[in-house]
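To start, the structure under review is shown below, and the notes come after it.
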Amino acid sequence: QQQVKQSPQSLIVQKGGISIINCAYENTAFDYFPWYQQFPGKGPALLIAIRPDVSEKKEGRFTISFNKSAKQFSLHIMDSQPGDSATYFCAARVLVRGSTLGRLYFGRGTQLTVWP
Amino acid sequence: ETGVTQTPRHLVMGMTNKKSLKCEQHLGHNAMYWYKQSAKKPLELMFVYSLEERVENNSVPSRFSPECPNSSHLFLHLHTLQPEDSALYLCASSQELDYYGYTFGSGTRLTVV
């Protein structure tokens with residue numbers, strides 16, 4: 001059973017438009033929700049993250065919206081640029097039982113293409 | 001050098017070969033991970049090491065054997081692999097209880113022929 005469900009699988013947006021990627025989860029023990037960006041030939045890189053006690057976090061053109069009651073969170077990319085074309089992964093973290101170590105569960109990824 | 005470095009970047013091996021993947025982190029982190037990334041699948045956690053001790057092994061076949069000799073180095077020893085093991089193998093590191101997430105390497109693209 002997949003812990004974090006991500007949609008859409010692929011997204012095509014025109015330059016200057018808004019890209020929106022959605023994720024949902026069930027496990028209420030998740031305590032941290034990062035988004036990763038991955039370019040071809042590279043590993044995922046942390047883009048932005050949020051804790052469940054915050055409803056929104058903004059960093060530049062990237063915003064996470066978090067709805068704790070609905071167990072949903074989303075990434076909004078404002079003024080999307082061709083350089084934003086990449087695969088985006090949402091993730092959720094839970095502490096490994098009996099330790100202080102966090103374990104990340106990832107969504108399946110969204111391939112974003114921004115047309116010039 | 002900074003970050004998480006993985007070598008080799010690409011590896012082609014036959015099913016009877018033995019090879020090793022190497023990961024090195026220069027971030028002072030105390031936890032390291034191996035992930036498998038296959039096309040159209042979520043990132044699959046394979047192994048977790050905390051302070052050089054394996055804390056998690058997610059039902060990974062024994063043909064994959066991890067080794068963590070110190071907090072900066074992580075290896076994945078491979079033997080008698082199957083073609084379905086072809087994937088991008090990613091190493092990551094983190095600091096326990098750190099809310100800044102994992103730092104990933106660029107991965108090793110493995111092809112089993």
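Ordering of the structure tokens sets the chain letters (A, B, ...), residue numbers begin anew at 1 in every chain, and ligands are numbered from 1 in the order given.
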Closest atom pairs, residues of chain B within 8 Å of chain A, only C-alpha atoms, as a tab-separated table:
```
residue	atom	partner	partner_atom	distance
B:Ala31	CA	A:Leu101	CA	7.9
B:Lys40	CA	A:Arg108	CA	7.0
B:Lys41	CA	A:Arg108	CA	5.8
B:Pro42	CA	A:Arg108	CA	4.2
B:Leu43	CA	A:Phe106	CA	6.1
B:Ser50	CA	A:Leu101	CA	7.6
B:Leu90	CA	A:Gly43	CA	6.9
B:Glu96	CA	A:Leu101	CA	4.9
B:Leu97	CA	A:Thr100	CA	5.9
B:Tyr99	CA	A:Tyr32	CA	7.1
B:Tyr100	CA	A:Ala49	CA	7.8
B:Gly101	CA	A:Leu46	CA	7.0
B:Tyr102	CA	A:Leu46	CA	7.3
B:Thr103	CA	A:Ala45	CA	6.7
B:Phe104	CA	A:Gly43	CA	5.5
B:Gly105	CA	A:Gly43	CA	5.4
B:Ser106	CA	A:Gly43	CA	4.1
B:Gly107	CA	A:Gly43	CA	6.0
```
*Tell me, which residues of chain B carry DSSP strand (DSSP E), written as a PyMOL selection string?*
chain B and resi 4-7+10-13+18-25+31-37+44-50+53-57+64-70+73-79+87-94+103-104+108-112
_Which residues are close to segment 8-22 of chain B, i.e. within 10 Å by only C-alpha atoms, leaving aside same-chain residues fewer than 3 positions away? Reply as an NGL selection string._
(:A and (41)) or (:B and (5 or 63-67 or 73-83 or 85-86 or 88-91 or 106-113))
*Write out as a ChimeraX atom specification which residues come within 8 Å of segment 46-48 of chain B when counting only C-alpha atoms, dropping same-chain ones fewer than 4 positions away.*
/B:31-36,54-60,66
Quick one: write out the picked residues with all heavy atoms as a compact mmCIF listing (two decimals), in the first residue's frame?
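Below you can see out.txt, which holds the result:
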```txt
# COMPACT_ATOMS: atom_id res chain seq x y z
N ALA B 31 23.37 9.43 9.42
CA ALA B 31 22.51 8.38 8.87
C ALA B 31 22.68 8.33 7.36
O ALA B 31 22.83 9.38 6.71
CB ALA B 31 21.05 8.63 9.21
N MET B 32 22.67 7.12 6.81
CA MET B 32 22.82 6.95 5.36
C MET B 32 21.83 5.91 4.86
O MET B 32 21.43 5.01 5.61
CB MET B 32 24.26 6.55 5.01
CG MET B 32 25.28 7.62 5.37
SD MET B 32 26.95 7.25 4.82
CE MET B 32 26.85 7.66 3.07
N TYR B 33 21.45 6.06 3.60
CA TYR B 33 20.36 5.26 3.03
C TYR B 33 20.72 4.80 1.62
O TYR B 33 21.40 5.52 0.88
CB TYR B 33 19.08 6.10 2.92
CG TYR B 33 18.72 6.89 4.16
CD1 TYR B 33 19.36 8.09 4.46
CD2 TYR B 33 17.73 6.43 5.03
CE1 TYR B 33 19.03 8.81 5.60
CE2 TYR B 33 17.40 7.16 6.16
CZ TYR B 33 18.05 8.34 6.44
OH TYR B 33 17.72 9.06 7.57
N TRP B 34 20.20 3.64 1.25
CA TRP B 34 20.19 3.22 -0.15
C TRP B 34 18.74 3.18 -0.62
O TRP B 34 17.88 2.59 0.03
CB TRP B 34 20.79 1.83 -0.33
CG TRP B 34 22.29 1.79 -0.36
CD1 TRP B 34 23.11 1.17 0.53
CD2 TRP B 34 23.15 2.36 -1.36
NE1 TRP B 34 24.43 1.34 0.17
CE2 TRP B 34 24.48 2.07 -0.99
CE3 TRP B 34 22.93 3.10 -2.53
CZ2 TRP B 34 25.58 2.48 -1.74
CZ3 TRP B 34 24.02 3.51 -3.27
CH2 TRP B 34 25.33 3.20 -2.88
N TYR B 35 18.51 3.82 -1.78
CA TYR B 35 17.21 3.78 -2.44
C TYR B 35 17.37 3.22 -3.84
O TYR B 35 18.38 3.42 -4.49
CB TYR B 35 16.63 5.20 -2.58
CG TYR B 35 15.88 5.71 -1.38
CD1 TYR B 35 16.56 6.35 -0.34
CD2 TYR B 35 14.50 5.56 -1.27
CE1 TYR B 35 15.86 6.82 0.77
CE2 TYR B 35 13.81 6.03 -0.17
CZ TYR B 35 14.50 6.66 0.84
OH TYR B 35 13.81 7.13 1.93
N LYS B 36 16.31 2.56 -4.31
CA LYS B 36 16.26 2.09 -5.69
C LYS B 36 15.20 2.90 -6.42
O LYS B 36 14.08 3.06 -5.92
CB LYS B 36 15.89 0.60 -5.73
CG LYS B 36 15.72 0.03 -7.13
CD LYS B 36 15.30 -1.43 -7.07
CE LYS B 36 15.10 -2.01 -8.47
NZ LYS B 36 14.64 -3.42 -8.42
N ARG B 54 23.01 -0.96 10.95
CA ARG B 54 21.85 -1.10 10.08
C ARG B 54 20.60 -1.12 10.93
O ARG B 54 20.45 -1.95 11.84
CB ARG B 54 21.94 -2.38 9.26
CG ARG B 54 20.88 -2.45 8.16
CD ARG B 54 20.78 -3.81 7.52
NE ARG B 54 22.05 -4.35 7.11
CZ ARG B 54 22.19 -5.54 6.52
NH1 ARG B 54 21.13 -6.27 6.27
NH2 ARG B 54 23.37 -5.98 6.20
N VAL B 55 19.68 -0.20 10.66
CA VAL B 55 18.45 -0.15 11.45
C VAL B 55 17.25 -0.61 10.65
O VAL B 55 16.18 -0.81 11.20
CB VAL B 55 18.19 1.27 12.00
CG1 VAL B 55 19.30 1.67 12.95
CG2 VAL B 55 18.07 2.28 10.88
N GLU B 56 17.41 -0.73 9.35
CA GLU B 56 16.28 -1.17 8.55
C GLU B 56 16.76 -1.89 7.30
O GLU B 56 17.72 -1.48 6.68
CB GLU B 56 15.40 0.03 8.16
CG GLU B 56 14.03 -0.36 7.65
CD GLU B 56 13.05 0.78 7.75
OE1 GLU B 56 13.19 1.65 8.60
OE2 GLU B 56 12.11 0.79 6.93
N ASN B 57 16.04 -2.96 6.99
CA ASN B 57 16.32 -3.73 5.79
C ASN B 57 14.96 -4.11 5.23
O ASN B 57 14.27 -4.95 5.79
CB ASN B 57 17.14 -4.97 6.14
CG ASN B 57 17.31 -5.90 4.94
OD1 ASN B 57 16.75 -5.68 3.88
ND2 ASN B 57 18.08 -6.93 5.11
N ASN B 58 14.57 -3.46 4.15
CA ASN B 58 13.21 -3.60 3.65
C ASN B 58 13.03 -4.80 2.74
O ASN B 58 12.73 -4.64 1.57
CB ASN B 58 12.80 -2.32 2.93
CG ASN B 58 12.29 -1.29 3.90
OD1 ASN B 58 12.22 -1.54 5.09
ND2 ASN B 58 11.94 -0.14 3.39
N SER B 59 13.20 -5.99 3.28
CA SER B 59 12.96 -7.21 2.51
C SER B 59 13.70 -7.21 1.20
O SER B 59 13.16 -7.59 0.15
CB SER B 59 11.45 -7.38 2.25
OG SER B 59 10.74 -7.38 3.45
N VAL B 60 14.93 -6.77 1.24
CA VAL B 60 15.73 -6.71 0.03
C VAL B 60 16.39 -8.07 -0.20
O VAL B 60 16.88 -8.68 0.76
CB VAL B 60 16.82 -5.62 0.17
CG1 VAL B 60 17.70 -5.57 -1.07
CG2 VAL B 60 16.16 -4.26 0.41
N PRO B 66 24.63 -4.57 1.93
CA PRO B 66 25.17 -3.26 2.27
C PRO B 66 26.31 -3.37 3.27
O PRO B 66 26.45 -4.35 4.00
CB PRO B 66 23.97 -2.55 2.90
CG PRO B 66 23.23 -3.66 3.58
CD PRO B 66 23.44 -4.89 2.73
```
*Among the residues B:Gln95, B:Ser71, B:Glu53, B:Ala39, the one that comes closest to Cys23 of chain B [using only C-alpha atoms]*: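 Using only C-alpha atoms, Cys23 of chain B sits closest to B:Ser71.
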*Find, counting only C-alpha atoms, the residue in A:Val54, A:Ala24, A:Ile64, A:Val94 that gets nearest to Met78 of chain A.*
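Nearest candidate to Met78 of chain A out of A:Val54, A:Ala24, A:Ile64, A:Val94: A:Ile64.
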